[in-house]
>>> print(open('model.csv').read())   # CSV, C-alpha atoms and all ligand atoms
chain,number,residue,atom,x,y,z
A,1,MET,CA,32.5,-17.9,-48.7
A,2,LYS,CA,30.5,-21.1,-48.8
A,3,VAL,CA,28.1,-22.3,-46.2
A,4,HIS,CA,30.2,-25.5,-45.4
A,5,GLU,CA,33.1,-23.2,-44.4
A,6,PHE,CA,31.2,-22.2,-41.3
A,7,PHE,CA,31.9,-24.7,-38.5
A,8,GLN,CA,29.0,-23.1,-36.5
A,9,LEU,CA,26.6,-20.3,-37.2
A,10,GLY,CA,24.0,-18.8,-34.9
A,11,ARG,CA,21.9,-15.7,-35.1
A,12,TYR,CA,19.6,-13.9,-32.6
A,13,VAL,CA,17.8,-10.9,-34.1
A,14,ASP,CA,20.7,-8.7,-35.2
A,15,ASP,CA,23.6,-10.5,-33.5
A,16,THR,CA,25.3,-13.3,-35.3
A,17,TRP,CA,27.8,-15.8,-33.9
A,18,ALA,CA,30.0,-17.8,-36.2
A,19,VAL,CA,33.0,-20.2,-36.0
A,20,VAL,CA,35.2,-19.8,-39.0
A,21,LEU,CA,38.9,-20.4,-39.8
A,22,LYS,CA,41.1,-17.4,-38.7
A,23,GLU,CA,42.3,-16.8,-42.3
A,24,LYS,CA,38.7,-16.6,-43.5
A,25,MET,CA,37.7,-13.9,-41.0
A,26,ASP,CA,38.6,-10.9,-43.1
A,27,GLU,CA,37.0,-12.4,-46.2
A,28,LEU,CA,33.8,-13.0,-44.4
A,29,PHE,CA,33.8,-9.5,-42.9
A,30,GLN,CA,34.4,-7.9,-46.3
A,31,HIS,CA,31.6,-10.0,-47.8
A,32,ILE,CA,28.9,-9.0,-45.4
A,33,THR,CA,30.1,-5.4,-45.3
A,34,ASN,CA,29.8,-5.1,-49.1
A,35,MET,CA,26.3,-6.5,-49.1
A,36,ASP,CA,24.6,-3.2,-48.4
A,37,PRO,CA,26.3,0.2,-48.2
A,38,HIS,CA,23.8,1.4,-45.6
A,39,ILE,CA,24.5,-1.4,-43.1
A,40,LYS,CA,27.7,-1.2,-41.2
A,41,PHE,CA,29.0,-4.3,-39.4
A,42,THR,CA,31.5,-4.6,-36.6
A,43,VAL,CA,33.4,-7.6,-35.7
A,44,GLU,CA,34.3,-8.7,-32.2
A,45,ALA,CA,37.6,-10.6,-32.2
A,46,PRO,CA,38.4,-13.2,-29.5
A,47,GLY,CA,39.8,-11.7,-26.2
A,48,PRO,CA,43.2,-12.7,-24.7
A,49,ASP,CA,41.8,-16.0,-23.5
A,50,GLY,CA,40.4,-16.7,-27.0
A,51,GLY,CA,36.8,-16.1,-25.8
A,52,VAL,CA,34.0,-14.2,-27.5
A,53,PRO,CA,31.0,-12.7,-25.7
A,54,PHE,CA,27.6,-13.3,-27.5
A,55,LEU,CA,24.5,-12.0,-25.7
A,56,ASP,CA,24.8,-13.2,-22.2
A,57,THR,CA,27.1,-16.1,-23.1
A,58,TYR,CA,30.9,-16.2,-23.1
A,59,SER,CA,32.5,-18.9,-25.3
A,60,THR,CA,36.0,-20.1,-25.3
A,61,THR,CA,37.7,-23.2,-26.7
A,62,GLY,CA,38.4,-26.1,-24.4
A,63,GLU,CA,41.6,-28.2,-24.2
A,64,ASN,CA,40.2,-30.7,-26.8
A,65,GLY,CA,39.0,-28.0,-29.1
A,66,GLU,CA,35.4,-28.1,-27.8
A,67,ILE,CA,33.4,-25.0,-27.2
A,68,VAL,CA,33.1,-24.1,-23.5
A,69,THR,CA,30.3,-21.6,-22.5
A,70,ARG,CA,29.7,-19.7,-19.4
A,71,VAL,CA,27.5,-16.7,-18.3
A,72,TYR,CA,28.8,-13.4,-19.6
A,73,ARG,CA,28.3,-10.0,-17.8
A,74,LYS,CA,29.5,-6.8,-19.2
A,75,PRO,CA,32.4,-5.2,-17.1
A,76,THR,CA,30.0,-2.4,-16.2
A,77,HIS,CA,27.4,-4.9,-14.8
A,78,THR,CA,26.5,-3.8,-11.2
A,79,ASP,CA,25.0,-7.1,-10.0
A,80,LEU,CA,22.1,-5.1,-8.6
A,81,TYR,CA,18.7,-6.9,-8.9
A,82,LEU,CA,15.2,-6.2,-7.6
A,83,ASN,CA,15.9,-5.8,-3.8
A,84,TRP,CA,14.2,-8.3,-1.5
A,85,HIS,CA,12.7,-5.4,0.5
A,86,SER,CA,11.2,-3.8,-2.6
A,87,HIS,CA,7.4,-3.3,-2.6
A,88,HIS,CA,6.8,-6.1,-5.1
A,89,PRO,CA,4.9,-9.4,-5.0
A,90,LEU,CA,6.8,-12.4,-3.7
A,91,SER,CA,6.3,-14.2,-7.0
A,92,ALA,CA,8.3,-11.4,-8.8
A,93,LYS,CA,11.2,-11.8,-6.4
A,94,LEU,CA,11.3,-15.5,-6.6
A,95,SER,CA,11.2,-15.3,-10.4
A,96,VAL,CA,14.4,-13.1,-10.3
A,97,ILE,CA,16.1,-16.0,-8.5
A,98,ARG,CA,14.5,-18.6,-10.8
A,99,THR,CA,15.5,-16.8,-14.0
A,100,LEU,CA,19.2,-16.3,-12.9
A,101,PHE,CA,19.6,-20.0,-11.9
A,102,HIS,CA,17.8,-21.1,-15.0
A,103,ARG,CA,20.2,-19.1,-17.2
A,104,ALA,CA,23.1,-20.6,-15.3
A,105,GLU,CA,21.8,-24.1,-16.0
A,106,ILE,CA,21.3,-23.6,-19.8
A,107,VAL,CA,24.4,-21.5,-20.4
A,108,CYS,CA,27.2,-23.2,-18.4
A,109,SER,CA,28.7,-26.1,-20.3
A,110,THR,CA,30.6,-27.8,-17.5
A,111,GLN,CA,29.7,-28.6,-13.9
A,112,ALA,CA,32.6,-26.6,-12.6
A,113,LEU,CA,31.5,-23.5,-14.4
A,114,LEU,CA,27.9,-24.1,-13.3
A,115,ASP,CA,28.9,-24.4,-9.6
A,116,GLN,CA,31.0,-21.3,-9.9
A,117,GLU,CA,28.1,-19.3,-11.4
A,118,LYS,CA,25.7,-20.6,-8.8
A,119,ASP,CA,28.1,-19.5,-6.0
A,120,HIS,CA,28.3,-16.1,-7.6
A,121,LEU,CA,24.5,-15.8,-7.8
A,122,ARG,CA,24.1,-16.8,-4.1
A,123,THR,CA,26.6,-14.2,-3.1
A,124,VAL,CA,25.0,-11.3,-5.1
A,125,LEU,CA,21.5,-12.3,-4.1
A,126,ARG,CA,22.5,-12.1,-0.5
A,127,ILE,CA,23.9,-8.7,-1.2
A,128,ASN,CA,20.5,-7.8,-2.6
A,129,ASP,CA,19.0,-8.9,0.7
A,130,TYR,CA,17.5,-12.2,-0.5
A,131,PRO,CA,17.2,-14.6,2.4
A,132,ASP,CA,18.7,-18.1,2.2
A,133,TRP,CA,15.3,-19.9,2.2
A,134,ALA,CA,14.2,-17.8,-0.9
A,135,ILE,CA,17.5,-18.5,-2.7
A,136,HIS,CA,17.0,-22.2,-1.9
A,137,LYS,CA,13.4,-22.2,-3.1
A,138,GLY,CA,14.0,-20.2,-6.2
A,139,SER,CA,17.1,-22.2,-7.3
A,140,ARG,CA,15.6,-25.7,-7.2
A,141,THR,CA,15.6,-27.4,-10.6
A,142,ILE,CA,13.1,-25.7,-13.0
A,143,PRO,CA,10.6,-28.1,-14.5
A,144,ASN,CA,10.3,-28.1,-18.3
A,145,VAL,CA,8.1,-25.1,-19.2
A,146,GLN,CA,6.2,-26.9,-21.9
A,147,ASP,CA,5.4,-29.9,-19.7
A,148,ASN,CA,4.3,-27.6,-17.0
A,149,GLU,CA,1.9,-25.7,-19.4
A,150,HIS,CA,0.4,-29.0,-20.4
A,151,THR,CA,-0.3,-30.2,-16.9
A,152,GLN,CA,-1.7,-26.7,-16.0
A,153,ASN,CA,-4.1,-26.8,-18.9
A,154,ASP,CA,-5.3,-30.2,-18.0
A,155,THR,CA,-5.9,-29.6,-14.4
A,156,LYS,CA,-7.0,-26.0,-14.2
A,157,SER,CA,-10.1,-24.6,-15.9
A,158,LYS,CA,-9.6,-21.5,-17.9
A,159,PRO,CA,-10.2,-18.2,-15.9
A,160,LYS,CA,-13.4,-16.3,-16.8
A,161,GLY,CA,-11.3,-13.1,-17.2
A,162,TYR,CA,-8.5,-11.2,-15.6
A,163,ILE,CA,-7.8,-7.9,-14.0
A,164,VAL,CA,-4.6,-5.9,-13.4
A,165,VAL,CA,-4.5,-4.0,-10.1
A,166,PRO,CA,-1.8,-2.1,-8.3
A,167,TYR,CA,0.2,-4.2,-5.8
A,168,VAL,CA,-0.2,-3.4,-2.1
A,169,SER,CA,1.7,-5.6,0.2
A,170,GLY,CA,-0.5,-7.6,2.6
A,171,LEU,CA,-3.7,-6.6,0.9
A,172,SER,CA,-3.1,-7.9,-2.6
A,173,GLU,CA,-2.3,-11.5,-1.7
A,174,PRO,CA,-5.7,-12.3,0.0
A,175,PHE,CA,-7.5,-10.3,-2.7
A,176,LYS,CA,-5.9,-12.6,-5.3
A,177,ARG,CA,-7.0,-15.7,-3.4
A,178,ILE,CA,-10.6,-14.4,-3.2
A,179,MET,CA,-10.7,-13.5,-6.8
A,180,CYS,CA,-9.2,-16.9,-7.9
A,181,GLY,CA,-12.2,-18.5,-6.1
A,182,THR,CA,-14.5,-16.6,-8.5
A,183,GLY,CA,-12.6,-17.6,-11.6
A,184,ILE,CA,-10.9,-14.2,-12.1
A,185,GLN,CA,-7.2,-14.2,-12.6
A,186,VAL,CA,-5.4,-11.3,-10.8
A,187,TYR,CA,-2.2,-9.7,-12.0
A,188,PHE,CA,-0.3,-7.0,-10.2
A,189,LYS,CA,1.3,-3.8,-11.4
A,190,GLY,CA,3.5,-1.3,-9.6
A,191,ALA,CA,1.4,1.5,-8.2
A,192,SER,CA,3.9,4.2,-9.0
A,193,THR,CA,7.0,4.2,-11.1
A,194,LEU,CA,9.9,6.6,-11.5
A,195,LYS,CA,8.4,7.6,-14.8
A,196,SER,CA,5.0,8.4,-13.3
A,197,LEU,CA,6.7,10.5,-10.5
A,198,LEU,CA,9.0,12.5,-12.7
A,199,CYS,CA,7.6,15.1,-15.0
A,200,SER,CA,7.2,14.4,-18.7
A,201,PRO,CA,10.1,15.7,-20.8
A,202,LYS,CA,7.7,16.3,-23.7
A,203,ASP,CA,6.1,19.7,-24.5
A,204,LYS,CA,2.5,19.9,-23.6
A,205,ASP,CA,0.0,19.7,-26.5
A,206,PRO,CA,-1.8,22.9,-27.2
A,207,LYS,CA,-5.2,22.8,-25.5
A,208,ASP,CA,-7.2,22.6,-28.7
A,209,LYS,CA,-5.1,19.7,-30.1
A,210,THR,CA,-5.3,17.7,-26.9
A,211,GLN,CA,-6.9,14.3,-27.4
A,212,ASN,CA,-8.3,11.7,-24.9
A,213,ALA,CA,-9.1,14.3,-22.3
A,214,ILE,CA,-11.6,15.2,-19.6
A,215,TYR,CA,-12.3,18.9,-19.9
A,216,CYS,CA,-14.3,21.6,-18.1
A,217,ILE,CA,-15.9,24.6,-19.9
A,218,ASN,CA,-16.9,27.5,-17.7
A,219,CYS,CA,-19.4,30.1,-19.0
A,220,GLY,CA,-17.7,33.5,-19.4
A,221,ASP,CA,-20.6,35.4,-17.8
A,222,CYS,CA,-22.1,33.3,-15.1
A,223,GLY,CA,-19.4,30.7,-14.5
A,224,ALA,CA,-21.8,27.7,-15.1
A,225,LYS,CA,-19.6,24.6,-15.6
A,226,TYR,CA,-19.8,21.8,-18.1
A,227,ILE,CA,-17.6,18.7,-17.7
A,228,GLY,CA,-17.1,16.3,-20.6
A,229,GLU,CA,-14.7,13.8,-22.1
A,230,THR,CA,-13.6,13.2,-25.7
A,231,GLY,CA,-11.3,10.8,-27.6
A,232,ARG,CA,-11.0,13.4,-30.3
A,233,THR,CA,-9.4,16.9,-29.9
A,234,VAL,CA,-10.8,19.3,-27.3
A,235,GLY,CA,-10.9,21.9,-30.0
A,236,GLU,CA,-13.3,19.8,-32.2
A,237,ARG,CA,-15.5,18.9,-29.2
A,238,HIS,CA,-15.7,22.6,-28.1
A,239,THR,CA,-16.9,23.7,-31.6
A,240,GLU,CA,-19.6,21.0,-31.5
A,241,HIS,CA,-20.7,22.2,-28.0
A,242,ILE,CA,-21.2,25.7,-29.3
A,243,LYS,CA,-22.9,24.8,-32.6
A,244,SER,CA,-24.9,21.6,-31.9
A,245,SER,CA,-28.5,22.2,-30.9
A,246,GLN,CA,-28.3,18.9,-28.9
A,247,SER,CA,-25.7,20.4,-26.6
A,248,ALA,CA,-26.4,21.8,-23.1
A,249,ILE,CA,-23.8,24.6,-23.8
A,250,TYR,CA,-25.6,25.6,-27.0
A,251,ARG,CA,-28.9,25.7,-25.1
A,252,HIS,CA,-27.3,27.8,-22.4
A,253,ILE,CA,-26.1,30.3,-25.0
A,254,GLN,CA,-29.6,30.4,-26.6
A,255,GLU,CA,-31.4,30.8,-23.3
A,256,THR,CA,-29.1,33.4,-21.6
A,257,GLY,CA,-27.1,35.0,-24.4
A,258,HIS,CA,-24.0,34.3,-22.3
A,259,ARG,CA,-20.5,34.0,-23.9
A,260,ILE,CA,-18.6,30.8,-23.8
A,261,PRO,CA,-14.7,31.2,-23.8
A,262,ASN,CA,-12.6,29.9,-26.6
A,263,VAL,CA,-10.4,26.8,-26.1
A,264,SER,CA,-7.3,28.9,-25.6
A,265,GLU,CA,-8.8,31.0,-22.8
A,266,ASP,CA,-8.6,30.1,-19.1
A,267,GLY,CA,-12.4,29.3,-19.1
A,268,VAL,CA,-11.6,25.9,-20.7
A,269,GLN,CA,-9.5,23.6,-18.6
A,270,ILE,CA,-8.1,20.1,-19.3
A,271,LEU,CA,-8.7,18.2,-16.1
A,272,CYS,CA,-7.1,15.0,-16.9
A,273,LYS,CA,-5.9,12.8,-19.9
A,274,GLU,CA,-6.7,9.1,-20.3
A,275,SER,CA,-6.6,7.1,-23.5
A,276,ASN,CA,-8.7,4.1,-22.3
A,277,ILE,CA,-12.4,5.0,-23.0
A,278,VAL,CA,-13.8,3.1,-20.1
A,279,HIS,CA,-11.4,4.7,-17.6
A,280,ARG,CA,-12.0,8.1,-19.2
A,281,LYS,CA,-15.8,7.8,-18.6
A,282,ILE,CA,-15.2,6.7,-15.0
A,283,ILE,CA,-12.9,9.6,-14.4
A,284,GLU,CA,-15.4,12.0,-16.1
A,285,ALA,CA,-18.1,10.7,-13.9
A,286,MET,CA,-16.0,11.3,-10.8
A,287,TYR,CA,-15.3,14.9,-11.8
A,288,ILE,CA,-19.0,15.4,-12.4
A,289,LYS,CA,-20.0,13.8,-9.1
A,290,TYR,CA,-17.5,16.0,-7.2
A,291,ASN,CA,-18.1,19.3,-9.0
A,292,ASP,CA,-21.9,18.8,-9.8
A,293,PRO,CA,-21.6,21.2,-12.8
A,294,ILE,CA,-24.9,23.0,-13.5
A,295,LEU,CA,-24.8,22.3,-17.3
A,296,ASN,CA,-24.4,18.6,-16.8
A,297,ARG,CA,-27.5,18.3,-14.5
A,298,ASN,CA,-30.0,17.0,-16.9
A,299,ILE,CA,-27.6,14.6,-18.6
A,300,GLY,CA,-27.4,10.9,-17.8
A,301,LYS,CA,-24.5,10.1,-15.6
A,302,MET,CA,-22.7,6.9,-14.8
A,303,ASP,CA,-23.0,5.6,-11.3
A,304,ILE,CA,-19.7,5.8,-9.4
A,305,PRO,CA,-19.4,3.1,-6.8
A,306,ASP,CA,-19.8,4.4,-3.2
A,307,ILE,CA,-16.3,3.1,-2.3
A,308,TYR,CA,-14.8,6.2,-4.0
A,309,ASP,CA,-17.1,8.6,-2.0
A,310,GLU,CA,-14.8,8.8,1.1
A,311,SER,CA,-11.8,9.8,-0.9
A,312,LEU,CA,-13.8,12.3,-3.0
A,313,LYS,CA,-15.3,13.8,0.2
A,314,GLU,CA,-11.9,14.1,2.0
A,315,GLU,CA,-9.6,15.2,-0.8
A,316,GLY,CA,-12.1,16.5,-3.5
A,317,ALA,CA,-10.9,16.6,-7.0
A,318,LEU,CA,-7.3,16.1,-5.8
A,319,ALA,CA,-8.2,12.5,-5.1
A,320,ILE,CA,-9.2,11.8,-8.7
A,321,PRO,CA,-5.7,11.4,-10.2
A,322,LYS,CA,-4.9,8.9,-7.3
A,323,ILE,CA,-8.1,7.0,-7.9
A,324,LYS,CA,-7.3,6.9,-11.6
A,325,GLN,CA,-4.2,4.9,-10.7
A,326,SER,CA,-6.3,2.3,-8.8
A,327,ILE,CA,-9.0,1.7,-11.4
A,328,PRO,CA,-8.6,-2.0,-12.4
A,329,LYS,CA,-7.5,-2.6,-15.9
A,330,ILE,CA,-10.2,-4.8,-17.2
A,331,LYS,CA,-10.1,-6.4,-20.6
A,332,LEU,CA,-13.4,-5.6,-22.3
A,333,LYS,CA,-15.2,-6.5,-25.3
A,334,LYS,CA,-17.2,-3.7,-26.9
A,335,SER,CA,-20.8,-4.7,-27.6
A,336,HIS,CA,-21.5,-1.6,-29.5
A,337,ARG,CA,-19.9,1.8,-30.1
A,338,CYS,CA,-21.2,4.6,-28.1
A,339,ASP,CA,-21.9,8.0,-29.5
A,340,HIS,CA,-20.2,11.0,-28.2
A,341,ASN,CA,-23.1,13.3,-27.7
A,342,ASP,CA,-24.2,15.3,-24.6
A,343,ALA,CA,-27.4,13.3,-24.0
A,344,LEU,CA,-25.5,10.0,-23.8
A,345,THR,CA,-26.6,8.1,-20.8
A,346,ILE,CA,-23.4,6.3,-19.8
A,347,ASN,CA,-23.8,2.9,-18.5
A,348,ILE,CA,-20.6,1.0,-18.8
A,349,ARG,CA,-22.2,-2.3,-17.7
A,350,SER,CA,-24.6,-2.4,-20.6
A,351,GLU,CA,-22.1,-1.2,-23.2
A,352,TYR,CA,-19.2,-3.4,-22.2
A,353,GLU,CA,-18.9,-7.0,-21.0
A,354,ILE,CA,-15.9,-8.6,-19.4
A,355,ILE,CA,-14.2,-11.2,-21.6
B,1,ZN,ZN,-23.7,31.5,-18.4
>>> encode(input="model.csv", output="structure tokens", more="lines below")
Ligand SMILES: [Zn+2]
Amino acid sequence: MKVHEFFQLGRYVDDTWAVVLKEKMDELFQHITNMDPHIKFTVEAPGPDGGVPFLDTYSTTGENGEIVTRVYRKPTHTDLYLNWHSHHPLSAKLSVIRTLFHRAEIVCSTQALLDQEKDHLRTVLRINDYPDWAIHKGSRTIPNVQDNEHTQNDTKSKPKGYIVVPYVSGLSEPFKRIMCGTGIQVYFKGASTLKSLLCSPKDKDPKDKTQNAIYCINCGDCGAKYIGETGRTVGERHTEHIKSSQSAIYRHIQETGHRIPNVSEDGVQILCKESNIVHRKIIEAMYIKYNDPILNRNIGKMDIPDIYDESLKEEGALAIPKIKQSIPKIKLKKSHRCDHNDALTINIRSEYEII
């Protein structure tokens, strides 16, 4: 089949849309199916009204042979969108409206279809508890995105950096305004998701293979504790603690002759997992501050801001997983790598700078 035999051809990732003569359809299908035995194609023939769905567009042929397009929803579509009363920033809710109306504008090929789509959107948005003022605000004509970016770049100076914090209604909005004044752009994230509330379906890593962890080692004889963190496996780090003369645990064994439990024993606990090194060090410092483990006493510690003291005092170690959720995600540039040894004096401010 030759290229000129396609009246129209469009592709988006792995979906292709083509207008070809009816009698050429089988030939085209055979051609692409034979191209590679490992790739199986399916063809979606026109429905009773002669229309074909493609992504979120439904195309039919008009009276004069022109292609007519409208928004397509699968028969199983529920018309459920982010509810107006959901605990999300106003901007996220307005962008739901804006996105839906913007799609209607670019997909619907006739004014009648556009009006019909907009009526449908107003109805379903009201069902999702959106007030009329928000629907009106969000549905106003969307300015050209590229033009908008240009004007924004011209008038606004670049932010010094950005942070991502959990969204708390009523508190986050003034916080964002204050931070904007200092040149820091604030983005919000959901504080808890279904994924974070439900248990993980994956099997737990064996303790010695666990990476990116904050762990606690208890002496088998006197119960003295050591709390540390590692990006490598807890098993590797445990071996280093026992064998390295730099280690507080090694010194404890030498001075007292006490026995340190193996990783598989209850004496070694995984307190928390965190892949971000800055967060891991902050969380480690919180566990150290709360537990005050004897074997960490002569080791440099990172200062934890006093703001966390009240939560730590009231709820103890139980507060730490909650605090972990609230540590701002700050994009950092590493000035230099830090060594993972016991004597490390952790000072995040000198090791990292905000970019
Ligand atoms: Zn001991």
>>> residues_around(input="model.csv", residues="A:Lys289", least_positions_apart="4", cutoff="10 Å", atoms="only C-alpha atoms", output="list of chain:residue names")
A:Ile283, A:Glu284, A:Ala285, A:Pro293, A:Lys301, A:Met302, A:Asp303, A:Ile304, A:Asp309, A:Leu312, A:Ala317
>>> residues_near_ligand(input="model.csv", ligand="ligand ZN 1 (chain B)", cutoff="8 Å", atoms="all atoms listed in the file", output="PyMOL selection string")
chain A and resi 218-224+252-253+256-260
>>> residues_near_point(input="model.csv", point="(31.6, -21.7, -12.5)", cutoff="12 Å", atoms="only C-alpha atoms", output="list in words")
Tyr58, Val68, Thr69, Arg70, Val71, Tyr72, Ala104, Glu105, Val107, Cys108, Ser109, Thr110, Gln111, Ala112, Leu113, Leu114, Asp115, Gln116, Glu117, Lys118, Asp119, His120 and Leu121 of chain A
>>> closest_residue(input="model.csv", among="A:Tyr162, A:Trp133, A:Tyr290, A:Tyr167", to="A:Met179", atoms="only C-alpha atoms")
A:Tyr162
>>> atom_distance(input="model.csv", atom1="atom CA of A:Thr57", atom2="atom CA of A:Thr76")
15.6 Å
>>> atom_distance(input="model.csv", atom1="atom CA of A:Gly62", atom2="atom CA of A:Ser139")
27.6 Å
>>> closest_residue(input="model.csv", among="A:Ile135, A:Val124, A:Ala213, A:Ile320", to="A:Ser95", atoms="all atoms listed in the file")
A:Ile135
>>> closest_residue(input="model.csv", among="A:His241, A:Lys40, A:Lys160, A:His31", to="A:Ile184", atoms="only C-alpha atoms")
A:Lys160
>>> build_atoms(input="model.csv", residues="stretch 82-107 of chain A", atoms="N, CA and C atoms", output="short mmCIF file (atom, residue, chain, number, x, y, z; two decimals), keeping the file's coordinate frame")
data_model
loop_
_atom_site.label_atom_id
_atom_site.label_comp_id
_atom_site.auth_asym_id
_atom_site.auth_seq_id
_atom_site.Cartn_x
_atom_site.Cartn_y
_atom_site.Cartn_z
N LEU A 82 16.38 -6.66 -8.36
CA LEU A 82 15.20 -6.20 -7.60
C LEU A 82 15.51 -6.56 -6.10
N ASN A 83 15.56 -5.56 -5.22
CA ASN A 83 15.90 -5.80 -3.80
C ASN A 83 14.78 -6.59 -3.13
N TRP A 84 15.19 -7.47 -2.20
CA TRP A 84 14.20 -8.30 -1.50
C TRP A 84 13.18 -7.44 -0.74
N HIS A 85 13.60 -6.28 -0.25
CA HIS A 85 12.70 -5.40 0.50
C HIS A 85 11.85 -4.50 -0.36
N SER A 86 12.01 -4.60 -1.68
CA SER A 86 11.20 -3.80 -2.60
C SER A 86 9.73 -4.13 -2.45
N HIS A 87 8.88 -3.13 -2.70
CA HIS A 87 7.40 -3.30 -2.60
C HIS A 87 6.91 -4.02 -3.85
N HIS A 88 7.21 -5.32 -3.96
CA HIS A 88 6.80 -6.10 -5.10
C HIS A 88 6.27 -7.46 -4.64
N PRO A 89 5.42 -8.10 -5.43
CA PRO A 89 4.90 -9.40 -5.00
C PRO A 89 6.04 -10.42 -4.85
N LEU A 90 5.84 -11.37 -3.93
CA LEU A 90 6.80 -12.40 -3.70
C LEU A 90 7.16 -13.15 -4.97
N SER A 91 6.13 -13.39 -5.80
CA SER A 91 6.30 -14.20 -7.00
C SER A 91 7.35 -13.45 -7.94
N ALA A 92 7.34 -12.11 -7.95
CA ALA A 92 8.30 -11.40 -8.80
C ALA A 92 9.70 -11.57 -8.31
N LYS A 93 9.87 -11.59 -6.96
CA LYS A 93 11.20 -11.80 -6.40
C LYS A 93 11.73 -13.17 -6.61
N LEU A 94 10.82 -14.15 -6.42
CA LEU A 94 11.30 -15.50 -6.60
C LEU A 94 11.60 -15.77 -8.11
N SER A 95 10.90 -15.06 -8.99
CA SER A 95 11.20 -15.30 -10.40
C SER A 95 12.54 -14.67 -10.80
N VAL A 96 13.02 -13.67 -10.04
CA VAL A 96 14.40 -13.10 -10.30
C VAL A 96 15.38 -14.26 -10.03
N ILE A 97 15.21 -14.95 -8.90
CA ILE A 97 16.10 -16.00 -8.50
C ILE A 97 16.04 -17.16 -9.59
N ARG A 98 14.78 -17.54 -9.91
CA ARG A 98 14.50 -18.60 -10.80
C ARG A 98 15.18 -18.35 -12.21
N THR A 99 15.00 -17.11 -12.67
CA THR A 99 15.50 -16.80 -14.00
C THR A 99 17.05 -16.83 -14.02
N LEU A 100 17.69 -16.32 -12.95
CA LEU A 100 19.20 -16.30 -12.90
C LEU A 100 19.71 -17.74 -12.87
N PHE A 101 19.09 -18.58 -12.03
CA PHE A 101 19.60 -20.00 -11.90
C PHE A 101 19.27 -20.75 -13.18
N HIS A 102 18.13 -20.45 -13.79
CA HIS A 102 17.80 -21.10 -15.00
C HIS A 102 18.78 -20.80 -16.12
N ARG A 103 19.17 -19.53 -16.18
CA ARG A 103 20.20 -19.10 -17.20
C ARG A 103 21.48 -19.84 -16.94
N ALA A 104 21.87 -19.93 -15.65
CA ALA A 104 23.10 -20.60 -15.30
C ALA A 104 23.08 -22.05 -15.84
N GLU A 105 21.92 -22.72 -15.63
CA GLU A 105 21.80 -24.10 -16.00
C GLU A 105 21.91 -24.29 -17.56
N ILE A 106 21.30 -23.38 -18.31
CA ILE A 106 21.30 -23.60 -19.80
C ILE A 106 22.57 -23.04 -20.44
N VAL A 107 23.27 -22.10 -19.79
CA VAL A 107 24.40 -21.50 -20.40
C VAL A 107 25.74 -22.25 -20.10
#
